[in-house]
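Coordinates from work_0.txt are shown below (compact mmCIF, C-alpha atoms).
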```txt
# COMPACT_ATOMS: atom_id res chain seq x y z
CA MET X 274 -10.38 -16.17 10.06
CA ARG X 275 -12.90 -18.51 8.52
CA ASP X 276 -12.27 -20.27 5.24
CA HIS X 277 -14.23 -19.56 2.05
CA ASP X 278 -14.56 -21.94 -0.89
CA VAL X 279 -13.40 -20.96 -4.37
CA THR X 280 -16.94 -20.30 -5.59
CA ASP X 281 -17.60 -17.83 -2.76
CA VAL X 282 -14.34 -15.97 -3.39
CA ASP X 283 -14.92 -15.82 -7.15
CA LEU X 284 -18.40 -14.40 -6.60
CA LEU X 285 -17.06 -11.84 -4.13
CA ARG X 286 -14.36 -10.84 -6.60
CA LYS X 287 -16.92 -10.26 -9.35
CA ARG X 288 -19.19 -8.25 -7.06
CA LEU X 289 -16.31 -6.23 -5.68
CA SER X 290 -14.94 -5.54 -9.15
CA ALA X 291 -18.36 -4.32 -10.28
CA PHE X 292 -18.70 -2.09 -7.19
CA VAL X 293 -15.32 -0.46 -7.77
CA ARG X 294 -16.01 -0.02 -11.49
CA ASP X 295 -19.57 1.30 -11.17
CA ARG X 296 -19.42 3.24 -7.90
CA VAL X 297 -15.79 4.18 -7.16
CA PHE X 298 -14.42 4.97 -10.64
CA PRO X 299 -16.97 7.75 -11.31
CA CYS X 300 -16.10 9.43 -7.98
CA GLU X 301 -12.34 9.50 -8.47
CA PRO X 302 -12.03 13.16 -9.55
CA LEU X 303 -13.92 14.28 -6.44
CA LEU X 304 -12.00 11.93 -4.15
CA ASP X 305 -8.67 12.99 -5.68
CA ALA X 306 -9.43 16.63 -4.91
CA GLY X 307 -9.79 15.95 -1.16
CA GLY X 308 -11.54 18.24 1.28
CA PRO X 309 -15.00 18.06 2.91
CA SER X 310 -16.81 17.04 -0.28
CA ALA X 311 -14.46 14.11 -0.77
CA ALA X 312 -14.98 13.00 2.84
CA ILE X 313 -18.76 13.05 2.38
CA GLN X 314 -18.53 11.02 -0.82
CA ARG X 315 -16.14 8.53 0.79
CA ASP X 316 -18.63 7.99 3.63
CA ARG X 317 -21.39 7.38 1.09
CA LEU X 318 -19.31 4.76 -0.66
CA ARG X 319 -18.53 3.07 2.62
CA ALA X 320 -22.22 2.91 3.50
CA GLU X 321 -22.95 1.38 0.09
CA ALA X 322 -20.16 -1.17 0.56
CA ARG X 323 -21.61 -2.20 3.92
CA GLU X 324 -25.07 -2.54 2.44
CA ALA X 325 -23.68 -4.65 -0.41
CA GLY X 326 -21.90 -7.00 2.01
CA LEU X 327 -18.46 -5.96 0.75
CA TRP X 328 -17.16 -4.18 3.85
CA ALA X 329 -13.79 -5.08 5.42
CA LEU X 330 -13.66 -8.51 3.81
CA PRO X 331 -10.11 -9.45 4.94
CA LEU X 332 -10.52 -8.15 8.51
CA PRO X 333 -11.38 -10.32 11.55
CA SER X 334 -14.99 -11.45 11.65
CA GLU X 335 -15.09 -11.12 15.46
CA LEU X 336 -14.50 -7.39 14.99
CA GLY X 337 -17.07 -6.94 12.24
CA GLY X 338 -14.99 -7.83 9.19
CA GLY X 339 -15.55 -10.49 6.58
CA GLY X 340 -12.99 -12.92 8.00
CA LEU X 341 -11.44 -13.70 4.62
CA SER X 342 -7.98 -15.30 4.77
CA LEU X 343 -5.04 -13.52 3.17
CA SER X 344 -4.65 -16.18 0.49
CA ALA X 345 -8.33 -15.92 -0.45
CA TYR X 346 -8.19 -12.12 -0.35
CA ALA X 347 -5.45 -11.84 -3.00
CA ALA X 348 -7.80 -11.74 -5.99
CA LEU X 349 -10.04 -9.24 -4.19
CA ALA X 350 -7.07 -6.98 -3.42
CA GLU X 351 -6.33 -6.82 -7.14
CA ALA X 352 -9.97 -6.04 -7.95
CA GLU X 353 -10.43 -3.28 -5.37
CA GLY X 354 -6.97 -1.89 -6.09
CA ALA X 355 -7.97 -0.96 -9.65
CA SER X 356 -8.71 2.39 -8.02
CA ASP X 357 -6.46 4.05 -5.47
CA HIS X 358 -9.65 4.79 -3.52
CA GLY X 359 -10.98 1.23 -3.66
CA PRO X 360 -9.48 -0.12 -0.42
CA ALA X 361 -10.72 2.87 1.62
CA ALA X 362 -14.17 2.68 0.05
CA VAL X 363 -14.65 -1.00 0.97
CA GLY X 364 -12.95 -0.92 4.37
CA SER X 365 -9.81 -2.94 3.72
CA ALA X 366 -7.35 -0.04 3.82
CA SER X 367 -6.73 -0.67 7.52
CA LEU X 368 -5.63 -4.29 6.97
CA LEU X 369 -1.95 -3.57 7.66
CA ASP X 370 -2.65 -1.72 10.91
CA VAL X 371 -5.23 -4.23 12.11
CA THR X 372 -2.81 -7.10 11.42
CA MET X 373 0.08 -5.32 13.13
CA LEU X 374 -1.89 -4.34 16.23
CA THR X 375 -3.59 -7.74 16.50
CA ARG X 376 -0.18 -9.42 16.60
CA HIS X 377 1.86 -6.82 18.48
CA GLY X 378 -0.41 -4.29 20.17
CA SER X 379 -0.91 -4.14 23.93
CA PRO X 380 -4.17 -5.51 25.39
CA ARG X 381 -5.45 -1.97 25.93
CA VAL X 382 -4.65 -0.89 22.37
CA ARG X 383 -6.28 -3.99 20.92
CA THR X 384 -9.41 -3.45 23.00
CA GLU X 385 -9.72 0.30 22.41
CA ARG X 386 -8.47 0.69 18.85
CA LEU X 387 -9.17 -2.40 16.78
CA PRO X 388 -12.99 -2.15 16.68
CA GLY X 389 -12.77 1.45 15.45
CA LEU X 390 -10.23 0.53 12.77
CA VAL X 391 -12.40 -2.27 11.43
CA SER X 392 -15.58 -0.16 11.48
CA GLY X 393 -13.84 2.71 9.72
CA GLU X 394 -14.40 5.16 12.57
CA LEU X 395 -10.64 5.46 13.15
CA ARG X 396 -8.05 6.24 10.49
CA THR X 397 -4.33 5.58 10.79
CA CYS X 398 -1.08 6.40 9.06
CA TYR X 399 2.46 5.04 9.25
CA ALA X 400 5.54 7.26 9.60
CA MET X 401 9.06 5.99 8.98
CA THR X 402 10.81 8.20 6.40
CA GLU X 403 12.47 11.44 7.50
CA PRO X 404 13.49 14.54 5.49
CA ASP X 405 17.22 14.06 6.08
CA THR X 406 17.31 10.26 6.29
CA PRO X 407 16.91 7.83 3.36
CA GLY X 408 13.89 5.59 3.72
CA THR X 409 16.17 2.67 2.90
CA GLU X 410 18.20 3.36 6.08
CA PRO X 411 15.69 3.23 8.97
CA THR X 412 18.48 2.67 11.51
CA LEU X 413 19.55 6.27 10.91
CA ALA X 414 16.22 7.69 12.09
CA SER X 415 16.69 10.79 14.21
CA THR X 416 13.19 10.92 15.70
CA ARG X 417 13.54 10.04 19.38
CA ALA X 418 11.24 8.84 22.12
CA GLU X 419 12.48 9.35 25.67
CA ARG X 420 11.02 7.89 28.84
CA ARG X 421 9.07 10.36 30.95
CA PRO X 422 9.69 10.48 34.72
CA GLY X 423 6.07 9.58 35.42
CA GLY X 424 5.95 6.79 32.84
CA GLY X 425 5.31 6.71 29.13
CA TRP X 426 7.22 8.36 26.33
CA SER X 427 7.97 11.80 24.95
CA VAL X 428 8.34 11.78 21.14
CA THR X 429 10.28 14.43 19.22
CA GLY X 430 11.13 14.48 15.53
CA ARG X 431 9.86 14.95 12.00
CA LYS X 432 8.64 12.55 9.32
CA TRP X 433 7.58 13.07 5.74
CA PHE X 434 5.78 11.40 2.85
CA VAL X 435 3.25 10.08 5.34
CA SER X 436 0.09 8.99 3.53
CA ASN X 437 -3.22 10.43 4.76
CA ALA X 438 -1.67 12.06 7.83
CA ALA X 439 -4.03 15.06 7.72
CA ASP X 440 -7.09 12.87 8.32
CA ALA X 441 -5.54 10.27 10.61
CA ASP X 442 -6.56 9.68 14.22
CA LEU X 443 -3.46 7.62 14.98
CA VAL X 444 0.06 7.52 13.59
CA THR X 445 2.52 4.69 14.10
CA VAL X 446 5.94 6.33 14.26
CA LEU X 447 9.42 4.79 14.15
CA ALA X 448 11.55 6.40 16.86
CA ARG X 449 14.85 5.67 18.55
CA THR X 450 14.35 4.81 22.21
CA SER X 451 17.93 3.74 22.96
CA GLY X 452 21.30 3.30 21.31
CA SER X 453 22.89 5.40 18.58
CA ALA X 454 22.29 6.11 14.92
CA GLY X 455 23.03 3.02 12.86
CA ASP X 456 22.23 0.51 15.63
CA ARG X 457 19.63 -2.08 14.61
CA GLU X 458 18.52 -2.40 18.22
CA GLY X 459 16.98 0.51 20.08
CA LEU X 460 14.28 1.46 17.55
CA SER X 461 10.64 1.29 18.62
CA LEU X 462 7.25 1.68 16.98
CA ILE X 463 4.95 3.95 18.98
CA LEU X 464 1.26 4.56 18.36
CA VAL X 465 0.60 8.31 18.71
CA PRO X 466 -2.91 9.86 18.83
CA THR X 467 -2.80 12.80 16.42
CA ARG X 468 -4.85 15.01 18.76
CA SER X 469 -2.01 14.93 21.29
CA PRO X 470 -0.43 18.31 22.13
CA GLY X 471 2.77 18.75 20.16
CA PHE X 472 1.65 16.85 17.06
CA ARG X 473 1.48 18.98 13.92
CA VAL X 474 0.94 18.52 10.19
CA VAL X 475 3.69 20.73 8.76
CA ARG X 476 2.68 20.73 5.10
CA GLU X 477 1.24 18.71 2.28
CA LEU X 478 3.72 17.17 -0.17
CA PRO X 479 2.12 16.80 -3.62
CA VAL X 480 3.59 13.84 -5.51
CA LEU X 481 3.71 14.65 -9.22
CA GLY X 482 0.71 16.86 -8.56
CA ALA X 483 -1.29 14.34 -6.53
CA THR X 484 -2.43 15.05 -2.97
CA GLY X 485 -2.41 12.79 0.09
CA GLN X 486 1.20 12.88 1.33
CA TYR X 487 2.31 15.00 4.30
CA GLU X 488 5.21 16.12 6.43
CA ILE X 489 4.48 15.87 10.17
CA GLU X 490 6.20 16.95 13.38
CA PHE X 491 6.34 15.66 16.95
CA ASP X 492 7.32 18.22 19.57
CA ARG X 493 7.66 16.36 22.88
CA VAL X 494 4.40 14.52 22.28
CA GLU X 495 3.49 12.51 25.38
CA VAL X 496 2.38 8.92 24.79
CA ASP X 497 1.33 6.22 27.24
CA GLU X 498 3.69 3.34 27.96
CA ASP X 499 1.36 0.72 26.49
CA HIS X 500 1.27 2.43 23.10
CA VAL X 501 4.56 0.82 22.07
CA VAL X 502 3.88 -1.72 19.31
CA GLY X 503 5.81 -4.90 20.05
CA GLU X 504 8.86 -4.91 22.30
CA PRO X 505 10.64 -1.60 22.93
CA GLY X 506 13.83 -1.51 20.90
CA ARG X 507 12.74 -4.27 18.50
CA ALA X 508 10.85 -2.24 15.92
CA LEU X 509 12.64 -3.58 12.87
CA ALA X 510 11.22 -7.07 13.36
CA VAL X 511 7.66 -5.73 13.43
CA ALA X 512 8.33 -3.25 10.63
CA GLY X 513 9.83 -5.97 8.46
CA GLU X 514 6.79 -8.17 8.96
CA ARG X 515 4.54 -5.26 8.06
CA LEU X 516 6.61 -4.42 4.99
CA GLN X 517 6.32 -7.97 3.63
CA LEU X 518 2.54 -7.82 3.69
CA GLY X 519 2.36 -4.16 2.71
CA ARG X 520 4.55 -4.54 -0.36
CA THR X 521 2.58 -7.57 -1.49
CA LEU X 522 -0.75 -5.80 -1.08
CA ARG X 523 0.53 -2.83 -3.02
CA ALA X 524 1.79 -5.12 -5.78
CA LEU X 525 -1.64 -6.76 -6.05
CA ARG X 526 -3.31 -3.36 -6.31
CA TRP X 527 -0.79 -2.19 -8.91
CA VAL X 528 -1.56 -5.26 -11.01
CA GLY X 529 -5.23 -4.30 -10.77
CA GLN X 530 -4.43 -0.80 -12.01
CA ALA X 531 -2.23 -2.14 -14.81
CA GLN X 532 -5.12 -4.36 -15.91
CA ARG X 533 -7.36 -1.28 -15.92
CA ALA X 534 -4.90 0.59 -18.14
CA PHE X 535 -4.70 -2.45 -20.44
CA ASP X 536 -8.48 -2.64 -20.75
CA LEU X 537 -8.66 1.07 -21.59
CA MET X 538 -5.93 0.66 -24.22
CA CYS X 539 -7.69 -2.26 -25.90
CA GLY X 540 -10.99 -0.40 -25.89
CA ARG X 541 -9.38 2.62 -27.49
CA ALA X 542 -7.61 0.51 -30.12
CA GLY X 543 -10.87 -1.09 -31.18
CA ALA X 544 -13.02 2.01 -31.13
CA ARG X 545 -10.73 4.69 -32.55
CA GLN X 546 -11.06 5.05 -36.31
CA GLY X 547 -8.52 6.71 -38.57
CA THR X 548 -8.27 7.19 -42.32
CA ARG X 549 -6.76 3.71 -42.57
CA GLY X 550 -9.25 1.98 -40.30
CA PRO X 551 -9.18 1.23 -36.56
CA LEU X 552 -6.03 1.64 -34.49
CA ALA X 553 -6.24 -2.07 -33.71
CA ASP X 554 -5.12 -2.85 -37.27
CA ARG X 555 -1.79 -1.04 -36.86
CA GLN X 556 1.21 -3.15 -36.01
CA LEU X 557 2.72 -0.66 -33.57
CA VAL X 558 -0.54 -0.59 -31.60
CA GLN X 559 -0.63 -4.38 -31.69
CA GLN X 560 2.88 -4.40 -30.25
CA HIS X 561 1.75 -2.16 -27.37
CA VAL X 562 -1.07 -4.62 -26.66
CA PHE X 563 1.22 -7.64 -26.86
CA GLU X 564 3.95 -6.20 -24.63
CA SER X 565 1.39 -5.08 -22.06
CA LEU X 566 -0.31 -8.47 -21.98
CA LEU X 567 3.06 -10.18 -21.64
CA ALA X 568 3.96 -7.95 -18.70
CA LEU X 569 0.64 -8.63 -16.98
CA ARG X 570 0.77 -12.39 -17.55
CA THR X 571 4.33 -12.69 -16.22
CA THR X 572 3.87 -10.33 -13.26
CA ARG X 573 0.60 -11.64 -11.85
CA PRO X 574 1.96 -15.13 -10.95
CA LEU X 575 4.94 -13.55 -9.18
CA VAL X 576 2.64 -11.43 -7.04
CA TYR X 577 0.27 -14.28 -6.18
CA GLU X 578 3.20 -16.52 -5.28
CA ALA X 579 4.50 -13.86 -2.89
CA MET X 580 1.06 -13.48 -1.29
CA ALA X 581 0.76 -17.25 -0.78
CA LEU X 582 4.08 -17.35 1.06
CA VAL X 583 3.27 -14.29 3.18
CA ALA X 584 -0.12 -15.77 4.07
CA GLU X 585 1.62 -18.95 5.27
CA GLY X 586 4.08 -16.95 7.37
CA ARG X 587 7.06 -18.21 5.40
CA ASP X 588 10.21 -16.32 4.43
CA ALA X 589 9.32 -14.45 1.24
CA HIS X 590 12.00 -11.77 0.94
CA VAL X 591 13.01 -12.77 -2.58
CA GLU X 592 9.45 -13.37 -3.80
CA VAL X 593 8.11 -10.12 -2.32
CA GLY X 594 11.00 -8.11 -3.76
CA LEU X 595 10.46 -9.62 -7.20
CA ALA X 596 6.71 -9.04 -7.01
CA LYS X 597 6.98 -5.45 -5.84
CA THR X 598 9.54 -4.51 -8.48
CA ALA X 599 7.74 -6.32 -11.30
CA ALA X 600 4.32 -4.88 -10.42
CA ALA X 601 5.62 -1.32 -10.23
CA ARG X 602 7.39 -1.64 -13.58
CA THR X 603 4.36 -3.27 -15.18
CA LEU X 604 1.99 -0.54 -14.03
CA GLN X 605 4.27 2.21 -15.32
CA ASP X 606 4.92 0.42 -18.60
CA VAL X 607 1.31 -0.54 -19.37
CA ALA X 608 -0.01 2.90 -18.41
CA ASP X 609 2.64 4.51 -20.60
CA ARG X 610 1.69 2.33 -23.57
CA ALA X 611 -1.99 3.09 -23.01
CA VAL X 612 -1.25 6.82 -23.04
CA GLN X 613 0.60 6.36 -26.33
CA VAL X 614 -2.37 4.60 -27.89
CA PHE X 615 -4.78 7.28 -26.65
CA GLY X 616 -2.54 10.09 -27.88
CA ALA X 617 -3.29 13.58 -26.56
CA ALA X 618 -6.50 12.32 -24.95
CA GLY X 619 -4.39 10.13 -22.69
CA LEU X 620 -2.67 13.17 -21.23
CA GLY X 621 -5.81 15.07 -20.29
CA PRO X 622 -8.41 14.88 -17.51
CA ASP X 623 -10.94 12.69 -19.34
CA THR X 624 -9.28 9.34 -18.58
CA PRO X 625 -7.58 7.93 -15.46
CA LEU X 626 -4.38 7.26 -17.41
CA PRO X 627 -2.37 10.22 -16.06
CA ALA X 628 -3.14 9.08 -12.51
CA LEU X 629 -2.31 5.46 -13.33
CA PHE X 630 1.00 6.46 -14.91
CA ARG X 631 1.81 8.69 -11.93
CA THR X 632 1.10 5.82 -9.54
CA GLY X 633 3.32 3.51 -11.58
CA ARG X 634 6.21 5.96 -11.55
CA THR X 635 5.79 6.59 -7.83
CA ALA X 636 5.60 2.85 -7.18
CA ARG X 637 9.20 2.40 -8.33
CA ILE X 638 10.33 4.45 -5.32
CA LEU X 639 7.58 3.71 -2.79
CA ASP X 640 8.33 0.91 -0.27
CA GLY X 641 11.94 0.79 -1.41
CA PRO X 642 13.27 1.85 -4.83
CA ASP X 643 13.98 -0.67 -7.56
CA GLU X 644 17.70 -0.44 -6.85
CA GLN X 645 17.24 -1.56 -3.25
CA HIS X 646 15.24 -4.63 -4.20
CA ILE X 647 17.57 -5.53 -7.06
CA ALA X 648 20.64 -5.41 -4.82
CA SER X 649 18.96 -7.17 -1.90
CA ILE X 650 17.59 -10.03 -3.98
CA ALA X 651 20.83 -10.49 -5.89
CA ARG X 652 22.83 -10.68 -2.65
CA ARG X 653 20.46 -13.30 -1.23
CA VAL X 654 20.54 -15.40 -4.37
CA LEU X 655 24.32 -15.24 -4.72
CA ARG X 656 24.85 -15.93 -1.03
CA SER X 657 22.61 -19.00 -1.15
CA ARG X 658 24.43 -20.32 -4.19
CA GLY X 659 27.75 -19.67 -2.53
CA ASP X 660 26.62 -21.60 0.54
CA ARG X 661 25.58 -24.56 -1.62
CA ALA X 662 28.86 -24.49 -3.53
CA ALA X 663 30.76 -24.66 -0.24
CA VAL X 664 29.08 -27.99 0.56
CA PRO X 665 30.66 -31.05 -1.12
CA GLY X 666 28.35 -32.14 -3.90
CA GLY X 667 26.36 -28.84 -3.62
```
Starting from the file, give its structure as structure tokens.
Amino acid sequence: MRDHDVTDVDLLRKRLSAFVRDRVFPCEPLLDAGGPSAAIQRDRLRAEAREAGLWALPLPSELGGGGLSLSAYAALAEAEGASDHGPAAVGSASLLDVTMLTRHGSPRVRTERLPGLVSGELRTCYAMTEPDTPGTEPTLASTRAERRPGGGWSVTGRKWFVSNAADADLVTVLARTSGSAGDREGLSLILVPTRSPGFRVVRELPVLGATGQYEIEFDRVEVDEDHVVGEPGRALAVAGERLQLGRTLRALRWVGQAQRAFDLMCGRAGARQGTRGPLADRQLVQQHVFESLLALRTTRPLVYEAMALVAEGRDAHVEVGLAKTAAARTLQDVADRAVQVFGAAGLGPDTPLPALFRTGRTARILDGPDEQHIASIARRVLRSRGDRAAVPGG
């Protein structure tokens, strides 16, 4: 991907922020509702993003993207992430899949699928979690893929909380291809076309009232041999790489949404008049503003540090875990404080605050709950300190 100077990136960030604010924000109620009308509006936004030169900025330029590096894209991810619909509207929602398939897809998959992903003609989803298996224990996955006598795979199993599965053309599914439950080896990632016989969307799973999550089923779905992503049996290495980037991107977008909630809170505090003057003059409201600003100012550097390490391909387990946990907490906390400042108006349909709060609460479970990251990071830190203490003079 080509480099961009700071001036170019800053200009892109401002233009992208304005596009999301002026074009995407007003469409959120329609997009949230889903259905044919939402699809039409999403296509309109995509056409506008292309015309504005804002389409697929972090995707490979040779495939029609903007060619922006991950480190340069960080500020843009925060700006477009101020709306849940921002990444899809400007063509960067496929970044995880494009990155994964570019690095680990077969030549045929790269040739046939990547151009459609970058152009927006193809939509994908990612399926790991199962109804009876904790998402934190992928080695216990019961979905299986067995080799067919004539070549290829037959996939059977069920996954749930799969984002955007109803509209997806392709689903990347974690399945056991060898070994037994609990083995780290023997898990594979397989790219399944959703039009294949035996694939079925079982039901939608509203999350605190929001749409977009689904339970899906594979009933002996036949998939070609070259649709395995990476080496058969080595899925966790690819999945771990994807999770590092995915968690960091989510954290950046959550910071963008927390900033949006903060801006709404400050606007309300200044504009709302009571018998004793504006809300901004009240100490409890001032405390909400202070605590929210403190959370934003301390979280943002953590997230950008994690993105810098991920972009360089360095080990960032601790930094990504800190960033993901901090960003989720910050979004929930700032949105909650904004609702408090708005009062009853913050609970109704006239502001995005209920959706922002819902996203913040969901974020503390999505991509690993807080408890998982807390325990994992603490173990790494304590183990590293123990290793140093074991060395004379450490």
Open item on the list: Applying 12 Å and all atoms listed in the file, which residues near Ser453 in chain X remain after dropping the ones on its own chain fewer than 2 positions away? List them as number ranges by chain.
Closed with: X: 412-417, 448-451, 455-460, 506
Open item on the list: Applying 7 Å and only C-alpha atoms, which residues near Ala600 in chain X remain after dropping the ones on its own chain fewer than 6 positions away? List them as an MDAnalysis selection string.
Closed with: chainID X and resid 524 527:528 572
What are the nearest atom pairs, with distances in Å to one decimal, for all residues of range 326-375 of chain X that come at most 9 Å from range 580-583 of chain X, using only C-alpha atoms, set out by chain and rising residue number as a Markdown table?
```
| residue | atom | partner | partner_atom | distance |
| --- | --- | --- | --- | --- |
| X:Leu343 | CA | X:Met580 | CA | 7.6 |
| X:Ser344 | CA | X:Ala581 | CA | 5.7 |
| X:Ala347 | CA | X:Met580 | CA | 6.9 |
```
TODO: Write out as an MDAnalysis selection string which residues come within 10 Å of Asp640 in chain X when counting all atoms listed in the file, dropping same-chain ones fewer than 4 positions away.
DONE: chainID X and resid 408:409 516:517 519:520 523 597:598 635:636 645:646
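Here CA of Ala542 in chain X stands at a distance of 17.0 Å from CA of Asp606 in chain X.
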Open item on the list: Which residue is closest to Ile647 in chain X? Choose from X:Pro309, X:Gly423, X:Gly594, X:Gly364 and count only C-alpha atoms.
Closed with: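 Of X:Pro309, X:Gly423, X:Gly594, X:Gly364, the one nearest Ile647 in chain X is X:Gly594, counting only C-alpha atoms.
The nearest approach to Ala291 in chain X among the residues X:Val382, X:Ala355, X:Ala628, X:Val511, with all atoms listed in the file taken into account, belongs to X:Ala355.
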TODO: Tell me, in Å to one decimal, how far CA of Gln556 in chain X is from CA of Ala601 in chain X.
DONE: 26.2 Å
Any idea what's packed within 7 Å of Leu443 in chain X, counting only C-alpha atoms, ignoring anything in its chain fewer than 4 positions away? Could you give it as a PDB file with C-alpha atoms, keeping the file's coordinate frame?
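around33.pdb, freshly written:
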```
ATOM      1  CA  ARG X 396      -8.050   6.240  10.490  1.00  0.00           C
ATOM      2  CA  THR X 397      -4.330   5.580  10.790  1.00  0.00           C
ATOM      3  CA  CYS X 398      -1.080   6.400   9.060  1.00  0.00           C
ATOM      4  CA  LEU X 464       1.260   4.560  18.360  1.00  0.00           C
ATOM      5  CA  VAL X 465       0.600   8.310  18.710  1.00  0.00           C
ATOM      6  CA  PRO X 466      -2.910   9.860  18.830  1.00  0.00           C
ATOM      7  CA  THR X 467      -2.800  12.800  16.420  1.00  0.00           C
TER       8      THR X 467
END
```
Open item on the list: Restricting the calculation to only C-alpha atoms: of X:Val591, X:Ala483, X:Ala418, X:Leu289, which residue gets closest to Leu655 in chain X?
Closed with: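 For Leu655 in chain X, the nearest of the candidates is X:Val591.
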- [ ] Grab the CA of Ala608 in chain X to CA of Thr624 in chain X distance for me, in Å with one decimal place.
- [x] 11.3 Å
- [ ] Counting all atoms listed in the file, find the residues whose atoms lie at most 10 Å from (-2.1, 15.2, 15.2) (file coordinates) and write them out as a list in words.
- [x]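 Every residue inside that radius is included here: Ala438, Ala439, Asp440, Ala441, Asp442, Leu443, Val444, Val465, Pro466, Thr467, Arg468, Ser469, Pro470, Gly471, Phe472, Arg473, Val474, Ile489, Glu490, Phe491 and Val494 of chain X.
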Open item on the list: Restricting the calculation to all atoms listed in the file: of X:Asp536, X:Glu477, X:Glu385, X:Glu488, which residue gets closest to Gly430 in chain X?
Closed with: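 Among the listed residues, the smallest separation from Gly430 in chain X belongs to X:Glu488.
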Open item on the list: Neighbouring residues of Ser436 in chain X were defined as those with any atom within 9 Å, considering all atoms listed in the file; residues of the same chain fewer than 6 positions away were excluded. Please report them as a VMD selection string.
Closed with: chain X and resid 398 to 400 485 to 487
Because some atoms of range 647-660 of chain X are absent here, can you restore N, CA and C atoms and send them as a CSV table (one decimal), keeping the file's coordinate frame?
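Heads up, here's the output in part_30.csv:
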```csv
chain,number,residue,atom,x,y,z
X,647,ILE,N,16.7,-4.8,-6.2
X,647,ILE,CA,17.6,-5.5,-7.1
X,647,ILE,C,18.8,-6.0,-6.3
X,648,ALA,N,19.4,-5.1,-5.5
X,648,ALA,CA,20.6,-5.4,-4.8
X,648,ALA,C,20.4,-6.4,-3.7
X,649,SER,N,19.3,-6.3,-3.0
X,649,SER,CA,19.0,-7.2,-1.9
X,649,SER,C,18.7,-8.6,-2.4
X,650,ILE,N,17.9,-8.7,-3.4
X,650,ILE,CA,17.6,-10.0,-4.0
X,650,ILE,C,18.8,-10.7,-4.6
X,651,ALA,N,19.6,-9.9,-5.3
X,651,ALA,CA,20.8,-10.5,-5.9
X,651,ALA,C,21.8,-11.0,-4.8
X,652,ARG,N,22.0,-10.2,-3.7
X,652,ARG,CA,22.8,-10.7,-2.6
X,652,ARG,C,22.3,-12.0,-2.0
X,653,ARG,N,21.0,-12.1,-1.8
X,653,ARG,CA,20.5,-13.3,-1.2
X,653,ARG,C,20.7,-14.5,-2.1
X,654,VAL,N,20.4,-14.3,-3.4
X,654,VAL,CA,20.5,-15.4,-4.4
X,654,VAL,C,22.0,-15.8,-4.5
X,655,LEU,N,22.9,-14.9,-4.6
X,655,LEU,CA,24.3,-15.2,-4.7
X,655,LEU,C,24.9,-15.9,-3.4
X,656,ARG,N,24.4,-15.4,-2.3
X,656,ARG,CA,24.8,-15.9,-1.0
X,656,ARG,C,24.4,-17.4,-0.9
X,657,SER,N,23.1,-17.6,-1.3
X,657,SER,CA,22.6,-19.0,-1.2
X,657,SER,C,23.3,-19.9,-2.1
X,658,ARG,N,23.7,-19.5,-3.3
X,658,ARG,CA,24.4,-20.3,-4.2
X,658,ARG,C,25.9,-20.5,-3.7
X,659,GLY,N,26.4,-19.5,-3.1
X,659,GLY,CA,27.8,-19.7,-2.5
X,659,GLY,C,27.8,-20.7,-1.4
X,660,ASP,N,26.7,-20.6,-0.6
X,660,ASP,CA,26.6,-21.6,0.5
X,660,ASP,C,26.5,-23.0,0.0
```
